[in-house]
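**Student:** Take a look at this one; I'll ask things after.
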Protein chains: 2
Amino acid sequence: MKHSQTHSFACSPIGYNVGMTNPNRIAREKTRSVKIGDLIVGGGAPVVVQSMLNTKPDDLLGAREQVEALAEAGCRIARIAVPSKIALECFALTARRSPIPIVADIHFDYKLAIAAVEAGAAAIRINPGNIGGFDKVDQVIEACRAAEVPIRIGVNAGSLDPEVAAEAGLSAAEQLAASAIQYVEYFEAHDFEQIVVSAKAHDVATTVTTYRLLAERIPEVPLHLGVTEAGGLRQGTIKSACAIGALLLDGIGDTIRVSLTADPLREVEVGYDILRACGLYRAGVEIVSCPTCGRTQVDLERIATEVERRLASIKRPLSVAVMGCVVNGPGEAAGANIGAACGRGSAQIFVDGEVRYSVPEEKIADALLAEAEQYPGVDGSPAA
Amino acid sequence: MKHSQTHSFACSPIGYNVGMTNPNRIAREKTRSVKIGDLIVGGGAPVVVQSMLNTKPDDLLGAREQVEALAEAGCRIARIAVPSKIALECFALTARRSPIPIVADIHFDYKLAIAAVEAGAAAIRINPGNIGGFDKVDQVIEACRAAEVPIRIGVNAGSLDPEVAAEAGLSAAEQLAASAIQYVEYFEAHDFEQIVVSAKAHDVATTVTTYRLLAERIPEVPLHLGVTEAGGLRQGTIKSACAIGALLLDGIGDTIRVSLTADPLREVEVGYDILRACGLYRAGVEIVSCPTCGRTQVDLERIATEVERRLASIKRPLSVAVMGCVVNGPGEAAGANIGAACGRGSAQIFVDGEVRYSVPEEKIADALLAEAEQYPGVDGSPAA
């Protein structure tokens, strides 16, 4: 089934997700809706960017500050590890004051999972394979059912159920998918359907294959995408973009987390960059600029950088082409909301596909800024 | 047909592409082999990273220096725009001394294309739609046939054949693919098969759909992947990783160019990062590190950064896990060549999947470095 939403959805201080107005909109698979706090994940809702705190479990002030900063950056769900009772107390106080839903991440101790539900978790994430047996899983399910709290079933290549892992002939992706599906079937057999599933590997190809298997075999379950242990900012960004991008472009995925050994704020930024690249989120200025070559007769990198910097405060979606020559310049400038097709020391300024006037090189950035400021559309609304 | 190579291929100063030794190897589509200088593109050969000079057309010294720097960084093909006669002279002198094959990028003027072939181009790139008509295309084909020089047919969303573009009801991707395929059929009807095709858009979803159409409809033709006018380093990297990654993960693509409004050296680095993320290239150290959370009891970001920095000089492929806690730590540390699974102020050091010993936090980086230095395998050979 295809995405049924026809409206765009105001979702965060920094923009909105794209609905039917985007001609490159990806046909998303329709999964079940799962309610996490006030937020809907799945069911055709816009893809949700989430992250995880990396503060110490007893650092209440740090946790509160990080949650606020993440929310400000557009993070819509924040997860907190709850490995101990002191962490649980801190979690409870953080969740209570948080502007966004807080998910408790629990391993090994089902009592902590139940306590986290009682402490106000908007959802909990467990790996049913390491929580102490299925009788303990049952108790967690009942606590969540009573409190109407959903569960993310999170399996991970680094902590795979040894029985599934040992099954002969299965690839890593098949093992991960089989492990996740086994848990999904268990939860559904217990009539608990408010679940989201993740099955992450650090390997991009394994991750993509795993999620494709999940989308095929449990198409109704919302999927949380991510590459686990992806590394630092540079490597982690590229691994996440390759894997999450490939899946989103196929219409797979309801929420994403970019895992980086770095400040969680970077995870949120890269998450939105990936959504934006896939045409699933628009906000602010998209610069369409050429890589320059021997044909370029203006200082294009400087102009593009200046335009990007000076238009950074614009919140509404706006595409701005800054093109270096006559080969693709007029075409791209005409295709953007606003564009400059540069020639020798000057540029034609395009608005809505038509040449309006020409300006000398030193006025190109000024002209684009002036056109951007009067371009129709207000913050938070789709581009005209 | 699947990739038939069973050997890995020494390809550049900084590493090698992965053959059958990689368990996550992607089944590549088998295209025709096209010879560009001494290099094979297509036919199951390792994916080639290329870039394009952005020096001024008359800057001979700059061009030579940039070609040398690109080759040093692992760029295997460099393209140069040839928009004029002075550019052609510069091109000839640059190509003659270049350590890597040089491709002439020609628009509008078929005489320049023919002259570039005579001047020593290893290949030429044209858009047959803007070179002055099919009679001119014929003359370019004959010049290339005589000199045994291949042609890249490069179409681009910004300069699409108006007749194809105007055809009713075609999506942007269908227009791009149809335009490229029309030219391929023309070249093949003229018995000229030494062709590589690109059909780039600045939109990621359009780019991916276009290349999927090409892979389906002209499966024998090697494909040059790229997102055009992708923007600056950050946005361009993410757009390129999403599009090129999605295609490579499907086995599509024989050569890639990351277009960035930035130094071309960055294009090469990001290109290799994308290949590495997709399991198509291995060289140097891959750090598998977790994003850290409240469970982490060591300063993992510092340790991971130090390990990455101190192992940066290692050229052979080596995976090193630096993991923060007991949830996924032992699994990932065991899965890497070398790993550290950290607990409270200490870590277990893994080699080839087994715990060898424990070290306190301040010795973790030292231990991983020592193990890396004695790990089997020499530079340029596959990891054990």
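By order of appearance in the structure tokens: chains A, B, ..., then residues from 1 within every chain, and ligands from 1 in the order shown.
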With only C-alpha atoms as the counted atoms, please give the residues lying no more than 7 Å from region 117-134 of chain A, apart from itself and same-chain residues fewer than 5 positions off, as a PyMOL selection string.
**Tutor:** chain A and resi 36-37+92+95-96+101-110+144+149-155+161+183
**Student:** Can you move chain A onto chain B by a least-squares fit over all C-alpha atoms paired in order, then give me the moved copy as a short mmCIF file (atom, residue, chain, number, x, y, z; two decimals) with C-alpha atoms, in the first residue's frame?
**Tutor:**
```cif
data_model
loop_
_atom_site.label_atom_id
_atom_site.label_comp_id
_atom_site.auth_asym_id
_atom_site.auth_seq_id
_atom_site.Cartn_x
_atom_site.Cartn_y
_atom_site.Cartn_z
CA MET A 1 25.21 -12.08 -14.96
CA LYS A 2 27.33 -11.89 -11.87
CA HIS A 3 30.79 -10.59 -11.18
CA SER A 4 33.25 -13.15 -12.53
CA GLN A 5 36.43 -11.87 -10.96
CA THR A 6 37.84 -13.99 -8.20
CA HIS A 7 40.95 -12.02 -7.42
CA SER A 8 41.40 -8.74 -5.63
CA PHE A 9 42.89 -6.00 -7.74
CA ALA A 10 45.73 -3.73 -6.75
CA CYS A 11 44.49 -0.42 -8.01
CA SER A 12 45.99 2.60 -6.31
CA PRO A 13 48.54 3.81 -3.82
CA ILE A 14 45.93 3.76 -1.08
CA GLY A 15 44.51 0.29 -1.33
CA TYR A 16 42.64 -2.19 -3.43
CA ASN A 17 39.14 -3.11 -4.41
CA VAL A 18 37.51 -6.11 -2.86
CA GLY A 19 37.05 -9.31 -4.78
CA MET A 20 35.70 -12.64 -3.61
CA THR A 21 37.35 -12.37 -0.21
CA ASN A 22 34.66 -10.02 1.06
CA PRO A 23 31.69 -11.90 2.53
CA ASN A 24 29.51 -8.84 1.96
CA ARG A 25 30.58 -8.50 -1.65
CA ILE A 26 27.81 -7.16 -3.80
CA ALA A 27 26.82 -9.17 -6.86
CA ARG A 28 27.68 -6.71 -9.59
CA GLU A 29 25.94 -6.60 -12.94
CA LYS A 30 28.30 -7.66 -15.70
CA THR A 31 28.69 -4.95 -18.30
CA ARG A 32 30.96 -4.64 -21.31
CA SER A 33 34.63 -3.85 -20.67
CA VAL A 34 35.66 -0.41 -21.86
CA LYS A 35 39.34 0.46 -21.97
CA ILE A 36 40.21 3.99 -20.87
CA GLY A 37 43.96 4.35 -21.20
CA ASP A 38 45.34 1.33 -19.37
CA LEU A 39 42.29 1.07 -17.17
CA ILE A 40 39.27 -1.19 -17.57
CA VAL A 41 35.84 0.22 -16.71
CA GLY A 42 32.98 -2.29 -16.64
CA GLY A 43 33.07 -6.00 -17.30
CA GLY A 44 33.14 -6.74 -13.60
CA ALA A 45 36.29 -4.71 -12.95
CA PRO A 46 36.50 -2.93 -9.60
CA VAL A 47 34.51 0.30 -9.46
CA VAL A 48 36.69 3.20 -10.57
CA VAL A 49 36.76 6.52 -8.67
CA GLN A 50 37.16 9.55 -10.91
CA SER A 51 37.10 13.34 -10.62
CA MET A 52 37.36 16.46 -12.73
CA LEU A 53 39.84 19.32 -12.69
CA ASN A 54 38.58 22.76 -11.76
CA THR A 55 41.65 24.72 -12.82
CA LYS A 56 41.35 27.49 -15.41
CA PRO A 57 41.59 26.19 -19.00
CA ASP A 58 44.89 27.98 -19.65
CA ASP A 59 46.51 27.14 -16.31
CA LEU A 60 48.90 24.42 -17.41
CA LEU A 61 50.92 24.31 -14.21
CA GLY A 62 47.77 24.23 -12.09
CA ALA A 63 46.33 21.41 -14.19
CA ARG A 64 49.49 19.34 -13.88
CA GLU A 65 49.65 19.85 -10.15
CA GLN A 66 46.00 18.98 -9.70
CA VAL A 67 46.30 15.82 -11.79
CA GLU A 68 49.30 14.73 -9.73
CA ALA A 69 47.47 15.43 -6.48
CA LEU A 70 44.37 13.60 -7.66
CA ALA A 71 46.41 10.58 -8.76
CA GLU A 72 48.21 10.58 -5.42
CA ALA A 73 44.83 10.57 -3.64
CA GLY A 74 43.74 7.49 -5.59
CA CYS A 75 41.78 9.17 -8.39
CA ARG A 76 42.01 6.79 -11.34
CA ILE A 77 40.55 8.92 -14.16
CA ALA A 78 40.58 12.73 -14.35
CA ARG A 79 38.37 14.74 -16.64
CA ILE A 80 39.22 18.15 -18.02
CA ALA A 81 36.82 20.58 -19.66
CA VAL A 82 38.01 21.64 -23.11
CA PRO A 83 35.93 24.67 -24.06
CA SER A 84 38.44 26.43 -26.32
CA LYS A 85 41.61 26.10 -28.40
CA ILE A 86 43.82 27.36 -25.62
CA ALA A 87 42.19 24.80 -23.32
CA LEU A 88 42.93 22.15 -25.92
CA GLU A 89 46.64 23.01 -25.95
CA CYS A 90 46.74 22.89 -22.19
CA PHE A 91 44.81 19.61 -22.25
CA ALA A 92 47.27 18.03 -24.68
CA LEU A 93 50.27 18.93 -22.52
CA THR A 94 48.53 17.78 -19.34
CA ALA A 95 47.37 14.47 -20.80
CA ARG A 96 50.83 13.69 -22.15
CA ARG A 97 52.46 13.85 -18.72
CA SER A 98 49.60 12.50 -16.63
CA PRO A 99 50.04 9.35 -14.53
CA ILE A 100 46.31 8.57 -14.97
CA PRO A 101 44.01 8.58 -18.02
CA ILE A 102 42.65 12.01 -18.90
CA VAL A 103 39.17 12.44 -20.36
CA ALA A 104 38.26 15.49 -22.46
CA ASP A 105 34.88 17.02 -21.63
CA ILE A 106 33.47 18.67 -24.73
CA HIS A 107 30.28 20.57 -25.41
CA PHE A 108 28.93 22.31 -28.52
CA ASP A 109 32.01 21.99 -30.74
CA TYR A 110 32.61 18.66 -32.47
CA LYS A 111 35.90 19.93 -33.90
CA LEU A 112 37.27 20.31 -30.38
CA ALA A 113 36.18 16.74 -29.65
CA ILE A 114 38.07 15.42 -32.66
CA ALA A 115 41.08 17.56 -31.83
CA ALA A 116 41.05 16.28 -28.24
CA VAL A 117 41.22 12.71 -29.53
CA GLU A 118 44.20 13.66 -31.66
CA ALA A 119 45.72 15.45 -28.65
CA GLY A 120 45.84 12.25 -26.62
CA ALA A 121 42.53 12.02 -24.75
CA ALA A 122 42.12 8.58 -23.13
CA ALA A 123 38.39 9.09 -23.66
CA ILE A 124 36.06 11.89 -24.50
CA ARG A 125 32.81 12.84 -22.86
CA ILE A 126 30.13 14.42 -24.98
CA ASN A 127 26.41 15.02 -24.78
CA PRO A 128 25.36 13.99 -28.29
CA GLY A 129 22.41 16.33 -27.96
CA ASN A 130 24.46 19.51 -27.90
CA ILE A 131 27.35 18.78 -30.25
CA GLY A 132 25.68 20.18 -33.34
CA GLY A 133 23.58 17.40 -34.82
CA PHE A 134 24.00 13.72 -35.62
CA ASP A 135 26.25 14.35 -38.63
CA LYS A 136 28.73 15.89 -36.20
CA VAL A 137 28.27 12.97 -33.80
CA ASP A 138 29.20 10.68 -36.71
CA GLN A 139 32.46 12.51 -37.25
CA VAL A 140 33.32 12.26 -33.56
CA ILE A 141 32.53 8.55 -33.59
CA GLU A 142 34.79 7.96 -36.59
CA ALA A 143 37.67 9.88 -35.02
CA CYS A 144 37.31 7.85 -31.81
CA ARG A 145 37.00 4.58 -33.70
CA ALA A 146 40.20 5.29 -35.65
CA ALA A 147 42.11 6.19 -32.48
CA GLU A 148 40.49 3.43 -30.37
CA VAL A 149 39.28 6.01 -27.90
CA PRO A 150 36.06 5.34 -25.99
CA ILE A 151 33.26 7.85 -25.53
CA ARG A 152 31.24 8.68 -22.45
CA ILE A 153 27.74 9.66 -23.41
CA GLY A 154 26.84 12.09 -20.66
CA VAL A 155 23.31 13.41 -20.43
CA ASN A 156 22.24 15.70 -17.69
CA ALA A 157 18.91 16.91 -16.32
CA GLY A 158 20.10 20.49 -16.76
CA SER A 159 20.68 20.10 -20.50
CA LEU A 160 18.16 17.53 -21.65
CA ASP A 161 17.30 17.09 -25.33
CA PRO A 162 14.22 19.35 -25.67
CA GLU A 163 12.41 16.82 -27.88
CA VAL A 164 12.75 14.06 -25.30
CA ALA A 165 11.98 16.46 -22.48
CA ALA A 166 8.78 17.56 -24.15
CA GLU A 167 7.44 14.04 -24.59
CA ALA A 168 4.19 13.86 -22.71
CA GLY A 169 3.82 11.92 -19.50
CA LEU A 170 7.45 11.02 -18.90
CA SER A 171 8.90 11.52 -15.43
CA ALA A 172 12.24 13.30 -15.12
CA ALA A 173 13.96 9.93 -14.68
CA GLU A 174 12.23 8.46 -17.73
CA GLN A 175 13.23 11.51 -19.79
CA LEU A 176 16.85 11.20 -18.72
CA ALA A 177 16.96 7.47 -19.34
CA ALA A 178 15.17 7.77 -22.69
CA SER A 179 17.58 10.47 -23.81
CA ALA A 180 20.62 8.37 -22.89
CA ILE A 181 19.23 5.19 -24.41
CA GLN A 182 18.41 6.95 -27.67
CA TYR A 183 22.08 7.91 -27.97
CA VAL A 184 23.29 4.45 -27.00
CA GLU A 185 21.14 2.94 -29.73
CA TYR A 186 22.55 5.43 -32.21
CA PHE A 187 26.15 4.59 -31.27
CA GLU A 188 25.49 0.85 -31.36
CA ALA A 189 23.74 1.14 -34.72
CA HIS A 190 27.01 2.68 -35.87
CA ASP A 191 28.84 -0.32 -34.47
CA PHE A 192 30.58 1.76 -31.80
CA GLU A 193 30.36 -0.08 -28.49
CA GLN A 194 33.25 1.41 -26.50
CA ILE A 195 30.84 3.61 -24.57
CA VAL A 196 30.13 4.48 -20.96
CA VAL A 197 26.89 6.23 -20.05
CA SER A 198 25.96 8.78 -17.41
CA ALA A 199 22.56 10.39 -16.85
CA LYS A 200 22.71 12.65 -13.85
CA ALA A 201 20.16 14.74 -11.99
CA HIS A 202 20.68 16.91 -8.95
CA ASP A 203 17.77 15.12 -7.30
CA VAL A 204 18.74 11.87 -5.56
CA ALA A 205 15.50 9.96 -6.17
CA THR A 206 15.53 10.96 -9.86
CA THR A 207 19.16 9.90 -10.18
CA VAL A 208 18.55 6.49 -8.61
CA THR A 209 15.44 5.82 -10.69
CA THR A 210 17.22 6.91 -13.88
CA TYR A 211 20.16 4.56 -13.37
CA ARG A 212 17.87 1.68 -12.43
CA LEU A 213 16.07 2.21 -15.72
CA LEU A 214 19.39 2.25 -17.56
CA ALA A 215 20.61 -0.91 -15.80
CA GLU A 216 17.39 -2.64 -16.79
CA ARG A 217 17.18 -1.42 -20.39
CA ILE A 218 20.84 -1.28 -21.45
CA PRO A 219 22.38 -3.80 -19.03
CA GLU A 220 25.49 -4.29 -21.16
CA VAL A 221 26.61 -0.65 -21.06
CA PRO A 222 28.99 0.40 -18.26
CA LEU A 223 27.47 3.15 -16.13
CA HIS A 224 29.19 6.21 -14.71
CA LEU A 225 27.30 7.17 -11.53
CA GLY A 226 26.93 10.60 -10.03
CA VAL A 227 24.61 13.23 -8.64
CA THR A 228 25.11 16.42 -10.61
CA GLU A 229 25.30 19.88 -9.02
CA ALA A 230 25.10 18.17 -5.62
CA GLY A 231 26.28 21.26 -3.74
CA GLY A 232 29.05 21.81 -1.22
CA LEU A 233 30.96 19.29 0.88
CA ARG A 234 28.31 18.45 3.47
CA GLN A 235 25.15 18.38 1.34
CA GLY A 236 26.99 17.01 -1.68
CA THR A 237 28.54 14.18 0.32
CA ILE A 238 25.21 13.06 1.73
CA LYS A 239 23.35 13.35 -1.60
CA SER A 240 26.13 11.41 -3.35
CA ALA A 241 26.28 8.74 -0.64
CA CYS A 242 22.51 8.22 -0.76
CA ALA A 243 22.33 7.96 -4.56
CA ILE A 244 25.62 6.28 -5.45
CA GLY A 245 25.38 4.04 -2.39
CA ALA A 246 21.85 2.89 -3.22
CA LEU A 247 22.90 2.02 -6.77
CA LEU A 248 26.18 0.30 -5.87
CA LEU A 249 24.37 -1.77 -3.25
CA ASP A 250 22.13 -3.01 -6.06
CA GLY A 251 25.17 -3.95 -8.14
CA ILE A 252 24.73 -1.00 -10.49
CA GLY A 253 27.64 1.21 -11.52
CA ASP A 254 31.13 0.75 -12.95
CA THR A 255 32.70 4.12 -12.20
CA ILE A 256 31.68 6.95 -9.89
CA ARG A 257 32.24 10.64 -9.60
CA VAL A 258 31.21 12.58 -6.52
CA SER A 259 30.47 16.16 -7.66
CA LEU A 260 31.21 18.74 -4.99
CA THR A 261 31.49 22.49 -5.09
CA ALA A 262 34.82 22.02 -3.32
CA ASP A 263 38.39 20.87 -3.93
CA PRO A 264 38.36 17.85 -6.29
CA LEU A 265 40.51 15.96 -3.78
CA ARG A 266 37.46 15.88 -1.50
CA GLU A 267 35.53 14.22 -4.33
CA VAL A 268 38.05 11.39 -4.41
CA GLU A 269 38.03 10.93 -0.64
CA VAL A 270 34.25 10.82 -0.49
CA GLY A 271 34.19 8.47 -3.48
CA TYR A 272 36.39 5.96 -1.66
CA ASP A 273 34.40 6.44 1.53
CA ILE A 274 31.25 5.46 -0.38
CA LEU A 275 32.92 2.42 -1.97
CA ARG A 276 34.23 1.41 1.44
CA ALA A 277 30.80 1.83 3.05
CA CYS A 278 29.32 -0.42 0.37
CA GLY A 279 31.97 -3.09 0.91
CA LEU A 280 33.48 -2.49 -2.55
CA TYR A 281 36.82 -1.18 -1.38
CA ARG A 282 38.94 -1.95 1.61
CA ALA A 283 42.08 -0.19 2.66
CA GLY A 284 43.32 1.03 5.96
CA VAL A 285 41.51 0.79 9.21
CA GLU A 286 37.74 0.58 9.54
CA ILE A 287 36.71 1.63 13.02
CA VAL A 288 33.61 -0.10 14.34
CA SER A 289 32.69 2.14 17.27
CA CYS A 290 29.46 2.62 19.13
CA PRO A 291 27.77 6.00 19.54
CA THR A 292 28.15 5.75 23.34
CA CYS A 293 25.30 6.10 25.79
CA GLY A 294 24.66 6.08 29.51
CA ARG A 295 26.06 2.56 29.69
CA THR A 296 29.51 3.60 28.51
CA GLN A 297 32.00 3.63 31.38
CA VAL A 298 35.12 4.76 29.54
CA ASP A 299 35.84 7.87 27.47
CA LEU A 300 35.03 6.03 24.26
CA GLU A 301 35.01 8.96 21.84
CA ARG A 302 38.51 9.90 22.95
CA ILE A 303 39.74 6.30 22.70
CA ALA A 304 38.15 5.76 19.26
CA THR A 305 39.56 9.04 17.97
CA GLU A 306 43.01 8.21 19.30
CA VAL A 307 42.93 4.71 17.81
CA GLU A 308 41.80 6.09 14.45
CA ARG A 309 44.54 8.73 14.49
CA ARG A 310 47.30 6.37 15.56
CA LEU A 311 46.31 3.67 13.07
CA ALA A 312 45.88 6.11 10.16
CA SER A 313 49.21 5.11 8.60
CA ILE A 314 48.18 1.46 8.26
CA LYS A 315 47.42 0.75 4.62
CA ARG A 316 46.21 -2.82 4.80
CA PRO A 317 42.53 -3.51 5.41
CA LEU A 318 41.88 -3.99 9.09
CA SER A 319 38.68 -3.75 11.10
CA VAL A 320 39.07 -2.47 14.64
CA ALA A 321 36.13 -2.46 17.04
CA VAL A 322 36.13 0.08 19.88
CA MET A 323 32.99 -0.68 21.85
CA GLY A 324 31.64 0.92 24.98
CA CYS A 325 29.70 -1.72 26.88
CA VAL A 326 28.70 -5.33 27.30
CA VAL A 327 25.52 -5.13 25.19
CA ASN A 328 27.09 -5.27 21.73
CA GLY A 329 30.73 -4.91 22.69
CA PRO A 330 31.82 -8.55 22.90
CA GLY A 331 29.93 -9.43 19.71
CA GLU A 332 31.37 -6.61 17.63
CA ALA A 333 34.86 -6.98 19.15
CA ALA A 334 34.80 -10.67 18.26
CA GLY A 335 33.59 -9.91 14.73
CA ALA A 336 36.40 -7.47 13.93
CA ASN A 337 40.02 -8.37 13.21
CA ILE A 338 40.95 -6.64 16.48
CA GLY A 339 38.62 -5.28 19.12
CA ALA A 340 38.22 -3.76 22.52
CA ALA A 341 35.06 -4.42 24.52
CA CYS A 342 35.11 -1.86 27.29
CA GLY A 343 33.63 -2.19 30.74
CA ARG A 344 34.14 -0.07 33.83
CA GLY A 345 37.52 1.55 33.30
CA SER A 346 39.00 -1.39 31.40
CA ALA A 347 38.62 -3.43 28.24
CA GLN A 348 38.93 -6.97 27.00
CA ILE A 349 41.16 -7.09 23.94
CA PHE A 350 39.98 -9.43 21.18
CA VAL A 351 42.01 -10.77 18.28
CA ASP A 352 40.36 -12.89 15.58
CA GLY A 353 37.26 -13.36 17.67
CA GLU A 354 38.90 -14.42 20.92
CA VAL A 355 39.62 -12.60 24.15
CA ARG A 356 43.38 -12.42 24.62
CA TYR A 357 43.74 -10.27 27.73
CA SER A 358 42.38 -7.27 29.61
CA VAL A 359 43.90 -3.81 29.93
CA PRO A 360 43.04 -0.71 31.96
CA GLU A 361 41.37 2.20 30.14
CA GLU A 362 44.56 4.18 29.61
CA LYS A 363 46.19 1.22 27.81
CA ILE A 364 43.38 0.41 25.37
CA ALA A 365 44.71 2.44 22.45
CA ASP A 366 48.25 1.12 23.01
CA ALA A 367 47.00 -2.45 23.06
CA LEU A 368 45.01 -2.06 19.84
CA LEU A 369 47.97 -0.39 18.14
CA ALA A 370 50.30 -3.19 19.20
CA GLU A 371 47.88 -5.86 17.96
CA ALA A 372 47.34 -4.00 14.68
CA GLU A 373 51.08 -3.82 14.03
CA GLN A 374 51.54 -7.55 14.36
CA TYR A 375 48.31 -8.52 12.64
CA PRO A 376 48.93 -10.84 9.63
CA GLY A 377 48.83 -9.35 6.15
CA VAL A 378 51.02 -6.94 4.25
CA ASP A 379 50.08 -3.69 2.56
CA GLY A 380 48.12 -4.23 -0.60
CA SER A 381 47.05 -7.77 0.26
CA PRO A 382 43.70 -8.86 1.65
CA ALA A 383 43.24 -9.14 5.38
CA ALA A 384 43.64 -12.64 6.73
#
```
**Student:** Give me, as JSON, numbers by chain, the residues of region 33-143 of chain A that a backbone DSSP run labels alpha helix (DSSP H).
**Tutor:** {"A": [60, 61, 62, 63, 64, 65, 66, 67, 68, 69, 70, 71, 72, 85, 86, 87, 88, 89, 90, 91, 92, 93, 94, 95, 96, 97, 110, 111, 112, 113, 114, 115, 116, 117, 118, 134, 135, 136, 137, 138, 139, 140, 141, 142, 143]}
**Student:** Output as a list in words all residues of region 156-246 of chain B that backbone DSSP marks as strand (DSSP E or B).
**Tutor:** Asn156, Ile195, Val196, Val197, Ser198, Ala199, Lys200, Leu223, His224, Leu225 and Ala230 of chain B
**Student:** Would you put the residues from that selection into a file with C-alpha atoms, as a compact mmCIF listing (two decimals), in the first residue's frame?
**Tutor:**
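out34.txt was written with the following content:
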```txt
# COMPACT_ATOMS: atom_id res chain seq x y z
CA ASN B 156 22.25 15.69 -17.69
CA ILE B 195 30.84 3.60 -24.59
CA VAL B 196 30.14 4.47 -20.98
CA VAL B 197 26.89 6.22 -20.05
CA SER B 198 25.97 8.76 -17.43
CA ALA B 199 22.58 10.38 -16.86
CA LYS B 200 22.73 12.65 -13.85
CA LEU B 223 27.48 3.13 -16.14
CA HIS B 224 29.20 6.20 -14.73
CA LEU B 225 27.31 7.16 -11.55
CA ALA B 230 25.12 18.16 -5.63
```
